[in-house]
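Novice: Pasting work_15.txt below, which is compact mmCIF, C-alpha atoms.
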```
# COMPACT_ATOMS: atom_id res chain seq x y z
CA MET H 1 -8.04 -7.73 -37.37
CA GLN H 2 -5.45 -4.97 -37.11
CA LEU H 3 -3.62 -4.39 -33.86
CA GLY H 4 -1.82 -1.33 -35.15
CA LYS H 5 1.54 -0.69 -36.75
CA ASP H 6 3.10 0.08 -33.37
CA PHE H 7 2.12 -3.31 -31.92
CA GLY H 8 5.65 -4.71 -32.21
CA LYS H 9 7.07 -1.69 -30.40
CA THR H 10 4.43 -1.97 -27.66
CA LEU H 11 5.14 -5.67 -27.28
CA ARG H 12 8.87 -5.06 -26.81
CA GLN H 13 8.08 -2.41 -24.22
CA ILE H 14 5.96 -4.92 -22.28
CA GLU H 15 8.80 -7.44 -22.57
CA GLU H 16 11.21 -4.97 -21.02
CA GLU H 17 8.91 -3.72 -18.27
CA LYS H 18 7.46 -7.09 -17.24
CA GLY H 19 10.49 -9.25 -17.95
CA LEU H 20 8.33 -11.59 -20.05
CA SER H 21 9.19 -13.30 -23.32
CA GLU H 22 7.45 -12.49 -26.62
CA GLU H 23 6.02 -16.03 -26.66
CA VAL H 24 4.30 -15.53 -23.31
CA ILE H 25 2.82 -12.17 -24.31
CA VAL H 26 1.60 -13.42 -27.70
CA SER H 27 0.02 -16.55 -26.19
CA SER H 28 -1.74 -14.32 -23.65
CA LEU H 29 -3.09 -12.16 -26.46
CA GLU H 30 -4.27 -15.21 -28.39
CA ALA H 31 -6.11 -16.50 -25.32
CA ALA H 32 -7.70 -13.08 -24.87
CA MET H 33 -8.97 -13.03 -28.45
CA VAL H 34 -10.53 -16.47 -28.03
CA SER H 35 -12.28 -15.42 -24.83
CA ALA H 36 -13.51 -12.15 -26.36
CA TYR H 37 -14.82 -13.86 -29.50
CA LYS H 38 -16.73 -16.51 -27.53
CA LYS H 39 -18.32 -13.81 -25.42
CA PHE H 40 -19.17 -11.82 -28.55
CA LYS H 41 -20.77 -14.84 -30.27
CA GLY H 42 -22.36 -16.22 -27.11
CA GLY H 43 -21.18 -19.77 -27.72
CA ASN H 44 -18.39 -22.23 -27.02
CA GLN H 45 -16.65 -22.31 -30.36
CA THR H 46 -13.35 -24.03 -30.98
CA MET H 47 -11.01 -21.26 -32.08
CA GLU H 48 -7.54 -20.83 -33.48
CA VAL H 49 -5.84 -17.46 -33.29
CA TYR H 50 -2.67 -16.34 -35.02
CA VAL H 51 -0.89 -13.13 -34.10
CA ASN H 52 1.48 -11.57 -36.62
CA VAL H 53 3.73 -9.36 -34.52
CA ASP H 54 5.51 -7.72 -37.43
CA ALA H 55 2.34 -6.89 -39.38
CA GLY H 56 0.41 -6.01 -36.23
CA ASP H 57 -2.70 -8.05 -36.98
CA VAL H 58 -4.68 -10.99 -35.63
CA THR H 59 -6.32 -13.76 -37.66
CA LEU H 60 -9.17 -15.79 -36.13
CA TYR H 61 -10.52 -19.11 -37.33
CA GLU H 62 -13.56 -21.06 -36.23
CA VAL H 63 -12.68 -24.75 -36.19
CA ARG H 64 -15.30 -27.45 -36.75
CA MET H 65 -15.14 -31.20 -37.01
CA VAL H 66 -17.02 -32.89 -39.86
CA VAL H 67 -19.62 -35.31 -38.48
CA ASP H 68 -22.62 -37.30 -39.69
CA GLU H 69 -24.96 -35.70 -37.17
CA VAL H 70 -24.33 -32.41 -35.37
CA GLU H 71 -24.62 -32.47 -31.60
CA ASN H 72 -22.68 -29.28 -30.90
CA PRO H 73 -23.24 -26.64 -33.58
CA ASP H 74 -20.47 -24.47 -32.14
CA SER H 75 -17.75 -27.00 -32.93
CA GLU H 76 -19.27 -29.49 -35.45
CA ILE H 77 -20.56 -29.40 -39.04
CA THR H 78 -22.21 -32.00 -41.27
CA LEU H 79 -20.46 -33.36 -44.31
CA GLU H 80 -23.14 -31.82 -46.53
CA ASP H 81 -22.74 -28.32 -45.07
CA ALA H 82 -18.97 -28.57 -45.25
CA ARG H 83 -19.13 -29.36 -48.95
CA LYS H 84 -21.60 -26.51 -49.52
CA ARG H 85 -18.91 -24.21 -48.10
CA GLY H 86 -16.47 -25.42 -50.72
CA HIS H 87 -14.68 -28.18 -48.83
CA ASP H 88 -15.27 -30.79 -51.51
CA ASP H 89 -12.58 -33.26 -50.51
CA VAL H 90 -13.37 -33.58 -46.78
CA VAL H 91 -14.68 -36.73 -45.10
CA VAL H 92 -16.25 -37.40 -41.72
CA GLY H 93 -13.65 -36.91 -39.00
CA ASP H 94 -11.80 -34.13 -40.81
CA VAL H 95 -11.40 -30.66 -39.33
CA ILE H 96 -12.17 -27.51 -41.29
CA ARG H 97 -11.22 -23.95 -40.51
CA ARG H 98 -13.11 -20.82 -41.44
CA GLU H 99 -11.58 -17.40 -41.05
CA VAL H 100 -13.90 -14.99 -39.28
CA PHE H 101 -13.88 -11.21 -39.37
CA PRO H 102 -15.42 -9.97 -36.12
CA GLU H 103 -15.62 -6.35 -37.21
CA ASN H 104 -18.29 -5.56 -34.62
CA PHE H 105 -16.59 -6.95 -31.57
CA GLY H 106 -17.93 -4.02 -29.62
CA ARG H 107 -16.87 -2.43 -26.39
CA ILE H 108 -17.70 -5.46 -24.21
CA ALA H 109 -15.60 -7.79 -26.33
CA ALA H 110 -12.68 -5.33 -26.33
CA GLN H 111 -12.90 -4.96 -22.56
CA THR H 112 -12.93 -8.72 -22.17
CA ALA H 113 -9.84 -9.01 -24.31
CA ARG H 114 -8.08 -6.33 -22.28
CA GLN H 115 -9.01 -7.95 -18.96
CA VAL H 116 -7.84 -11.36 -20.09
CA ILE H 117 -4.57 -9.94 -21.40
CA ILE H 118 -3.93 -8.17 -18.09
CA GLN H 119 -4.73 -11.29 -16.09
CA ARG H 120 -2.62 -13.52 -18.30
CA LEU H 121 0.29 -11.12 -18.07
CA LYS H 122 -0.03 -11.08 -14.27
CA ASP H 123 -0.13 -14.88 -14.17
CA ALA H 124 2.86 -15.12 -16.46
CA GLU H 125 4.77 -12.54 -14.42
CA ARG H 126 4.02 -14.46 -11.23
CA GLN H 127 5.19 -17.69 -12.86
CA VAL H 128 8.45 -16.01 -13.88
CA VAL H 129 9.00 -14.87 -10.27
CA TYR H 130 8.13 -18.33 -8.93
CA GLU H 131 10.54 -20.10 -11.28
CA GLN H 132 13.26 -17.56 -10.56
CA PHE H 133 13.18 -18.11 -6.79
CA ALA H 134 11.97 -21.73 -6.54
CA ASP H 135 15.38 -22.78 -7.85
CA LYS H 136 17.08 -20.76 -5.09
CA ILE H 137 15.51 -22.47 -2.06
CA GLY H 138 18.37 -23.14 0.35
CA ASP H 139 20.50 -20.29 -1.01
CA VAL H 140 21.44 -16.94 0.48
CA VAL H 141 19.73 -13.89 -1.00
CA THR H 142 20.31 -10.21 -0.30
CA GLY H 143 17.22 -8.14 0.45
CA THR H 144 16.23 -4.71 1.65
CA ILE H 145 13.98 -4.30 4.68
CA PHE H 146 10.76 -2.78 3.39
CA LYS H 147 8.34 -2.55 6.29
CA ALA H 148 6.82 -4.40 9.22
CA GLU H 149 3.37 -5.90 8.73
CA GLY H 150 1.86 -7.59 11.77
CA ASP H 151 4.22 -10.32 12.93
CA GLN H 152 6.09 -10.27 9.63
CA ILE H 153 8.93 -8.24 8.19
CA LEU H 154 8.58 -7.50 4.47
CA VAL H 155 11.81 -7.81 2.51
CA ARG H 156 12.26 -6.50 -1.04
CA LEU H 157 14.40 -8.91 -3.08
CA ASN H 158 14.23 -6.84 -6.27
CA GLU H 159 12.05 -4.14 -7.79
CA LYS H 160 9.16 -6.54 -8.41
CA THR H 161 9.52 -9.18 -5.71
CA GLU H 162 8.91 -9.14 -1.98
CA ALA H 163 9.44 -11.83 0.64
CA ILE H 164 8.20 -12.22 4.18
CA MET H 165 10.18 -13.04 7.30
CA PRO H 166 7.91 -14.44 10.06
CA ARG H 167 8.62 -13.58 13.68
CA GLU H 168 10.10 -17.03 14.40
CA GLU H 169 12.68 -16.52 11.63
CA ARG H 170 14.03 -13.29 13.11
CA ILE H 171 17.17 -13.05 15.22
CA ILE H 172 16.12 -12.09 18.74
CA GLY H 173 17.25 -8.57 19.56
CA GLU H 174 18.11 -7.69 15.97
CA GLU H 175 16.62 -4.47 14.65
CA TYR H 176 15.18 -4.26 11.14
CA GLN H 177 15.24 -0.72 9.82
CA PRO H 178 13.51 0.18 6.51
CA GLY H 179 16.09 0.58 3.75
CA GLU H 180 18.64 -1.65 5.50
CA LYS H 181 20.22 -4.44 3.45
CA LYS H 182 20.77 -7.88 4.95
CA LYS H 183 21.45 -11.43 3.85
CA PHE H 184 18.70 -14.03 4.23
CA TYR H 185 18.27 -17.77 3.87
CA LEU H 186 15.61 -18.54 1.23
CA LEU H 187 13.41 -20.91 3.22
CA ASP H 188 10.36 -21.55 1.04
CA VAL H 189 8.62 -20.53 -2.20
CA ARG H 190 4.99 -21.48 -2.82
CA GLN H 191 2.45 -20.63 -5.50
CA THR H 192 -0.75 -19.03 -4.20
CA THR H 193 -3.75 -17.38 -5.84
CA ARG H 194 -2.14 -14.03 -5.08
CA GLY H 195 1.22 -15.03 -6.55
CA PRO H 196 4.38 -16.61 -5.13
CA ARG H 197 4.76 -16.57 -1.34
CA ILE H 198 8.47 -16.30 -0.58
CA VAL H 199 9.65 -16.90 2.99
CA VAL H 200 13.14 -15.96 4.21
CA SER H 201 14.96 -16.61 7.48
CA ARG H 202 17.75 -15.12 9.56
CA THR H 203 17.80 -17.97 12.12
CA HIS H 204 18.17 -21.06 9.92
CA PRO H 205 21.51 -22.93 10.28
CA GLY H 206 21.65 -22.98 6.50
CA LEU H 207 22.32 -19.22 6.51
CA LEU H 208 25.47 -19.74 8.56
CA ARG H 209 26.53 -22.64 6.32
CA LYS H 210 26.12 -20.57 3.15
CA LEU H 211 27.96 -17.59 4.63
CA LEU H 212 30.86 -19.89 5.50
CA GLU H 213 30.89 -21.32 1.98
CA ILE H 214 31.04 -17.78 0.59
CA GLU H 215 33.73 -16.57 3.01
CA VAL H 216 36.01 -19.64 3.16
CA PRO H 217 37.59 -20.72 -0.16
CA GLU H 218 38.70 -24.05 1.35
CA ILE H 219 35.03 -24.95 1.94
CA GLN H 220 34.09 -23.88 -1.61
CA ASP H 221 36.90 -26.08 -2.96
CA GLY H 222 35.85 -29.09 -0.85
CA ILE H 223 39.11 -29.16 1.11
CA VAL H 224 37.34 -28.36 4.38
CA GLU H 225 33.97 -29.99 5.00
CA ILE H 226 31.19 -28.86 7.35
CA ARG H 227 29.84 -31.86 9.26
CA ASN H 228 27.24 -30.16 11.47
CA ILE H 229 25.96 -26.76 12.56
CA VAL H 230 23.84 -25.78 15.55
CA ARG H 231 22.71 -22.25 16.36
CA GLU H 232 20.93 -20.22 18.94
CA ALA H 233 20.57 -17.39 16.47
CA GLY H 234 22.06 -14.06 17.46
CA THR H 235 23.93 -15.37 20.50
CA ARG H 236 26.02 -18.46 19.76
CA ALA H 237 26.68 -21.20 17.22
CA LYS H 238 28.91 -24.24 16.97
CA ILE H 239 30.22 -25.64 13.69
CA ALA H 240 31.96 -29.00 13.32
CA VAL H 241 34.47 -29.11 10.45
CA VAL H 242 37.00 -31.59 9.16
CA THR H 243 39.85 -31.29 6.69
CA LEU H 244 40.24 -33.63 3.74
CA ASP H 245 43.81 -32.43 3.22
CA THR H 246 46.32 -33.01 6.01
CA ASN H 247 48.20 -29.90 4.92
CA VAL H 248 45.20 -27.67 5.67
CA GLU H 249 44.28 -26.87 9.26
CA PRO H 250 40.45 -26.56 9.33
CA LEU H 251 40.18 -24.17 12.27
CA GLY H 252 42.65 -21.71 10.79
CA ALA H 253 40.99 -21.89 7.37
CA CYS H 254 37.58 -21.03 8.83
CA VAL H 255 38.74 -18.39 11.28
CA GLY H 256 41.03 -16.65 8.79
CA LYS H 257 43.96 -14.34 9.30
CA GLN H 258 43.52 -12.48 12.61
CA GLY H 259 39.99 -13.92 12.74
CA GLY H 260 38.90 -11.87 9.73
CA ARG H 261 36.71 -14.50 8.08
CA ILE H 262 34.74 -15.51 11.14
CA LYS H 263 34.41 -11.88 12.29
CA SER H 264 32.85 -10.94 8.96
CA ILE H 265 30.25 -13.69 9.36
CA SER H 266 29.62 -12.81 13.01
CA ASN H 267 29.03 -9.17 12.10
CA GLU H 268 26.50 -10.22 9.45
CA LEU H 269 24.63 -12.22 12.12
CA ASN H 270 24.25 -9.41 14.65
CA GLY H 271 27.42 -10.31 16.57
CA GLU H 272 26.61 -14.01 16.97
CA ARG H 273 29.53 -15.84 18.63
CA ILE H 274 30.74 -18.73 16.48
CA ASP H 275 32.77 -21.67 17.81
CA ILE H 276 34.63 -23.70 15.18
CA ILE H 277 35.01 -27.33 16.31
CA VAL H 278 37.17 -30.08 14.81
CA TRP H 279 34.97 -33.07 14.02
CA SER H 280 36.29 -36.50 15.00
CA SER H 281 35.12 -40.04 14.37
CA ASP H 282 36.16 -40.74 17.97
CA ILE H 283 33.01 -39.63 19.79
CA LEU H 284 34.83 -38.94 23.07
CA ALA H 285 37.33 -36.70 21.30
CA TYR H 286 34.46 -35.05 19.41
CA ILE H 287 32.63 -34.33 22.68
CA ARG H 288 35.83 -32.89 24.18
CA ASN H 289 36.22 -30.60 21.17
CA SER H 290 32.54 -29.62 21.18
CA LEU H 291 32.83 -28.12 24.67
CA SER H 292 35.36 -25.55 23.45
CA PRO H 293 36.50 -23.08 24.68
CA ALA H 294 36.47 -25.02 27.96
CA LYS H 295 39.55 -27.11 28.78
CA ILE H 296 38.36 -30.67 29.31
CA LEU H 297 40.46 -33.10 31.36
CA LYS H 298 38.80 -36.26 30.09
CA VAL H 299 35.50 -37.62 28.78
CA GLU H 300 34.00 -40.94 29.83
CA PRO H 301 30.93 -42.69 28.42
CA LEU H 302 28.18 -43.54 30.89
CA LEU H 303 27.76 -47.23 30.26
CA ASP H 304 24.40 -47.46 31.99
CA GLN H 305 22.89 -44.71 29.78
CA ASP H 306 22.52 -44.61 26.02
CA ARG H 307 24.57 -41.96 24.18
CA SER H 308 25.55 -40.22 27.41
CA ALA H 309 28.95 -39.02 28.56
CA LEU H 310 30.60 -37.35 31.53
CA ALA H 311 33.14 -34.59 30.95
CA TYR H 312 35.61 -33.73 33.73
CA VAL H 313 36.99 -30.24 34.23
CA HIS H 314 38.94 -28.34 36.83
CA SER H 315 36.78 -26.12 39.02
CA ASP H 316 37.90 -22.95 37.24
CA GLN H 317 36.60 -24.35 33.91
CA LEU H 318 33.17 -25.40 35.16
CA SER H 319 31.34 -22.19 34.26
CA VAL H 320 33.07 -22.07 30.85
CA ALA H 321 32.08 -25.65 30.04
CA ILE H 322 28.48 -25.12 31.06
CA GLY H 323 28.19 -21.64 29.54
CA LYS H 324 25.76 -18.85 30.30
CA ALA H 325 22.39 -20.38 31.17
CA GLY H 326 23.82 -23.75 30.10
CA GLN H 327 24.24 -22.64 26.50
CA ASN H 328 27.71 -24.12 25.84
CA VAL H 329 26.95 -27.63 27.02
CA ARG H 330 23.48 -27.48 25.43
CA LEU H 331 24.89 -26.63 22.00
CA ALA H 332 27.63 -29.25 22.40
CA ALA H 333 24.98 -31.89 23.10
CA ARG H 334 23.02 -30.85 19.99
CA LEU H 335 26.19 -30.83 17.89
CA THR H 336 27.31 -34.33 18.92
CA GLY H 337 23.93 -35.93 19.51
CA TRP H 338 25.03 -37.08 22.97
CA LYS H 339 23.81 -36.11 26.43
CA ILE H 340 26.70 -34.45 28.24
CA ASP H 341 27.12 -33.94 31.98
CA ILE H 342 29.92 -31.83 33.45
CA LYS H 343 31.73 -32.80 36.65
CA VAL H 344 34.53 -31.12 38.56
CA LYS H 345 37.55 -33.36 39.09
CA ASP H 346 39.35 -32.71 42.37
CA ASP H 347 42.86 -31.38 41.85
CA GLU H 348 45.48 -34.01 42.61
CA LYS H 349 47.61 -32.80 45.51
CA LEU H 350 51.39 -32.99 45.34
CA PRO H 351 52.88 -34.74 48.42
CA THR H 352 54.15 -32.35 51.12
CA MET H 353 57.30 -32.82 53.27
CA LYS H 354 55.06 -33.85 56.13
CA ASP H 355 53.49 -36.57 54.01
CA LEU H 356 56.94 -37.87 53.01
CA PHE H 357 58.19 -38.06 56.66
CA VAL H 358 54.99 -39.80 57.73
CA ASP H 359 55.40 -42.41 54.99
CA LEU H 360 59.09 -42.93 55.91
CA ALA H 361 58.20 -43.42 59.57
CA ASP H 362 55.71 -46.09 58.61
CA ILE H 363 58.36 -47.94 56.59
CA ILE H 364 60.90 -47.89 59.48
CA GLU H 365 58.25 -49.10 61.92
CA ASP H 366 57.36 -51.99 59.65
CA LYS H 367 61.01 -53.09 59.40
CA GLU H 368 61.53 -53.04 63.20
CA LYS H 369 58.59 -55.37 63.57
```
Just give me the structure of the file as C-alpha cells.
Specialist:
Amino acid sequence: MQLGKDFGKTLRQIEEEKGLSEEVIVSSLEAAMVSAYKKFKGGNQTMEVYVNVDAGDVTLYEVRMVVDEVENPDSEITLEDARKRGHDDVVVGDVIRREVFPENFGRIAAQTARQVIIQRLKDAERQVVYEQFADKIGDVVTGTIFKAEGDQILVRLNEKTEAIMPREERIIGEEYQPGEKKKFYLLDVRQTTRGPRIVVSRTHPGLLRKLLEIEVPEIQDGIVEIRNIVREAGTRAKIAVVTLDTNVEPLGACVGKQGGRIKSISNELNGERIDIIVWSSDILAYIRNSLSPAKILKVEPLLDQDRSALAYVHSDQLSVAIGKAGQNVRLAARLTGWKIDIKVKDDEKLPTMKDLFVDLADIIEDKEK
C-alpha cells in the first residue's frame, strides 16, 4: 500500500516538530495499520506490518499458525489448507505469512489509522518529555512564569513542556509575573493519563544547595562540603559547611569577594538572608556557630535533658541570638538537631576602689585578732 513519494519528507518534518525518532514514528504507523486492518476485517488477526520509508509504502501480512484443528480462524490454519495455499514443506506448529492487499480499506479504516497514529505520537511525545525530566529530579531548572491557575502557578520549561508550582512551594511574599524567568527545584515528575505531571519548588532546601554548587567553584570541586541546610524560604536560611582543605576558608569561599557569591544567590531567592555556618564535630562549638551572627559567651549541655543545650550571651546579644519571632534560634536548632535555650549571663563587675579598701580592712582586722 503506497504512502506517497513524499512520505520520507513528511516523516522528517514530524521528527523535527515533535522531537521524536524515526523508529518511534514508524512503529506508531505500523500499530495504526494493524488496528485499521482489524477494524476493516472485523476480526482479531495476527498481523505483521513493514513500512518502507524510502519507497513510501506499507506491506501487510496476515500471520497464521499451522494446527491440526482450528479454534481461532483469525490466527490459525490447518495443515491441509496451508498446503493448498502452496506451503508444501510446513508442519504443525509452523507459522505462515500471507501478504494482503487491503485496497478497499475505506474511510473508516483510514480514519482509524489516523486516530491511532495521532494517539501514538502523543503518547510517544509524552514519554520523551517524561524521560527528559525524570532524570532531572533534584536539579535546578530555569522556567518562565506562564499563568496562575487556582492555587498553582504554571511554569513553562520549554516550548512544549509546562510544570506546576503548588501554593506550598511558593516563597511567601514573592510575586510571579507572567513572562518572568526564575530558577526552580525540580521536585517531582509523574506519568498520568494526561501526560507527565512536573512539579517545581521555590522553597525546597535543595534549590539553595544547587544554587550554591553553581555559584561556588570550591563546592563543585569538592573542596568545601555542605553538611546541612535549613530554610524559612524568602526570609532566612542557615547553611553548615566544612572545608576538606586547610588552605581554603569555607566561609570566604561561599560568601565570595565583597559578598558577591552569596548576594547573587540571595537576589535569586527574593532577598532571602543566608547565614553561612562552619560545621564542627564538637557539638557545643557547632551550636555556638549556628547562632551566628550573635556573639555567644559559652554553650553548656543540659545533662538532665536529651540533646539540649544552654547558650549564654550578654544582654545586648539576646535579641540577636533569638532573632525576630525566634527565627535565629529556631533555625539553629533545626540545623544542629539540638534544642537550644538562650540565657543572659550577668556581666562580671570589675572591683572598685571601695571594694579594695573594704577587703583590706577585713584583712587588717583579722590580723589584730
Novice: Name all residues at most 12 Å from Ile287 in chain H (count only C-alpha atoms; drop same-chain ones fewer than 6 positions away) and give them as a count of residues only.
Specialist: 36
Novice: Skipping near chain neighbours, those fewer than 5 positions away, what residues fall within 9 Å of Val34 in chain H using only C-alpha atoms, listed as a list of chain:residue names?
Specialist: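 So, after excluding close chain neighbours, the residues are H:Leu29, H:Lys39, H:Gln45, H:Thr46, H:Met47, H:Glu48, H:Val49, H:Leu60, H:Ala113.
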Novice: With C-alpha atoms retained, write the just-selected residues as a PDB file, in the frame of the given file.
Specialist:
```
ATOM      1  CA  LEU H  29      -3.090 -12.160 -26.460  1.00  0.00           C
ATOM      2  CA  LYS H  39     -18.320 -13.810 -25.420  1.00  0.00           C
ATOM      3  CA  GLN H  45     -16.650 -22.310 -30.360  1.00  0.00           C
ATOM      4  CA  THR H  46     -13.350 -24.030 -30.980  1.00  0.00           C
ATOM      5  CA  MET H  47     -11.010 -21.260 -32.080  1.00  0.00           C
ATOM      6  CA  GLU H  48      -7.540 -20.830 -33.480  1.00  0.00           C
ATOM      7  CA  VAL H  49      -5.840 -17.460 -33.290  1.00  0.00           C
ATOM      8  CA  LEU H  60      -9.170 -15.790 -36.130  1.00  0.00           C
ATOM      9  CA  ALA H 113      -9.840  -9.010 -24.310  1.00  0.00           C
TER      10      ALA H 113
END
```
Novice: Expressed in Å to a single decimal, how great is the separation between CA of Glu149 in chain H and CA of Gln132 in chain H?
Specialist: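 Those two atoms sit 24.6 Å apart.
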Novice: From the options H:Glu22, H:Asp135, H:Asp304, H:Glu17, which residue's atoms come nearest to Glu159 in chain H, counting only C-alpha atoms?
Specialist: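 The closest residue to Glu159 in chain H is H:Glu17.
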Novice: Counting all atoms listed in the file, which residues in range 224-263 of chain H sit no more than 12 Å from range 160-181 of chain H? For each one, give the nearest pair of atoms and the distance in Å, sorted by chain then residue number, as a tab-separated table.
Specialist:
```
residue	atom	partner	partner_atom	distance
H:Arg231	CA	H:Ile171	CA	10.8
H:Glu232	CA	H:Ile171	CA	8.9
H:Ala233	CA	H:Ile171	CA	5.7
H:Gly234	CA	H:Ile171	CA	5.5
H:Thr235	CA	H:Ile172	CA	8.7
H:Arg236	CA	H:Ile171	CA	11.3
```
Novice: Interatomic distance between CA of Asn72 in chain H and CA of Met33 in chain H?
Specialist: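 Rounded to one decimal, the two atoms are 21.4 Å apart.
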Novice: Please indicate the distance in Å from CA of Arg273 in chain H to CA of Asp221 in chain H, rounded to one decimal place.
Specialist: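 CA of Arg273 in chain H sits 25.0 Å away from CA of Asp221 in chain H.
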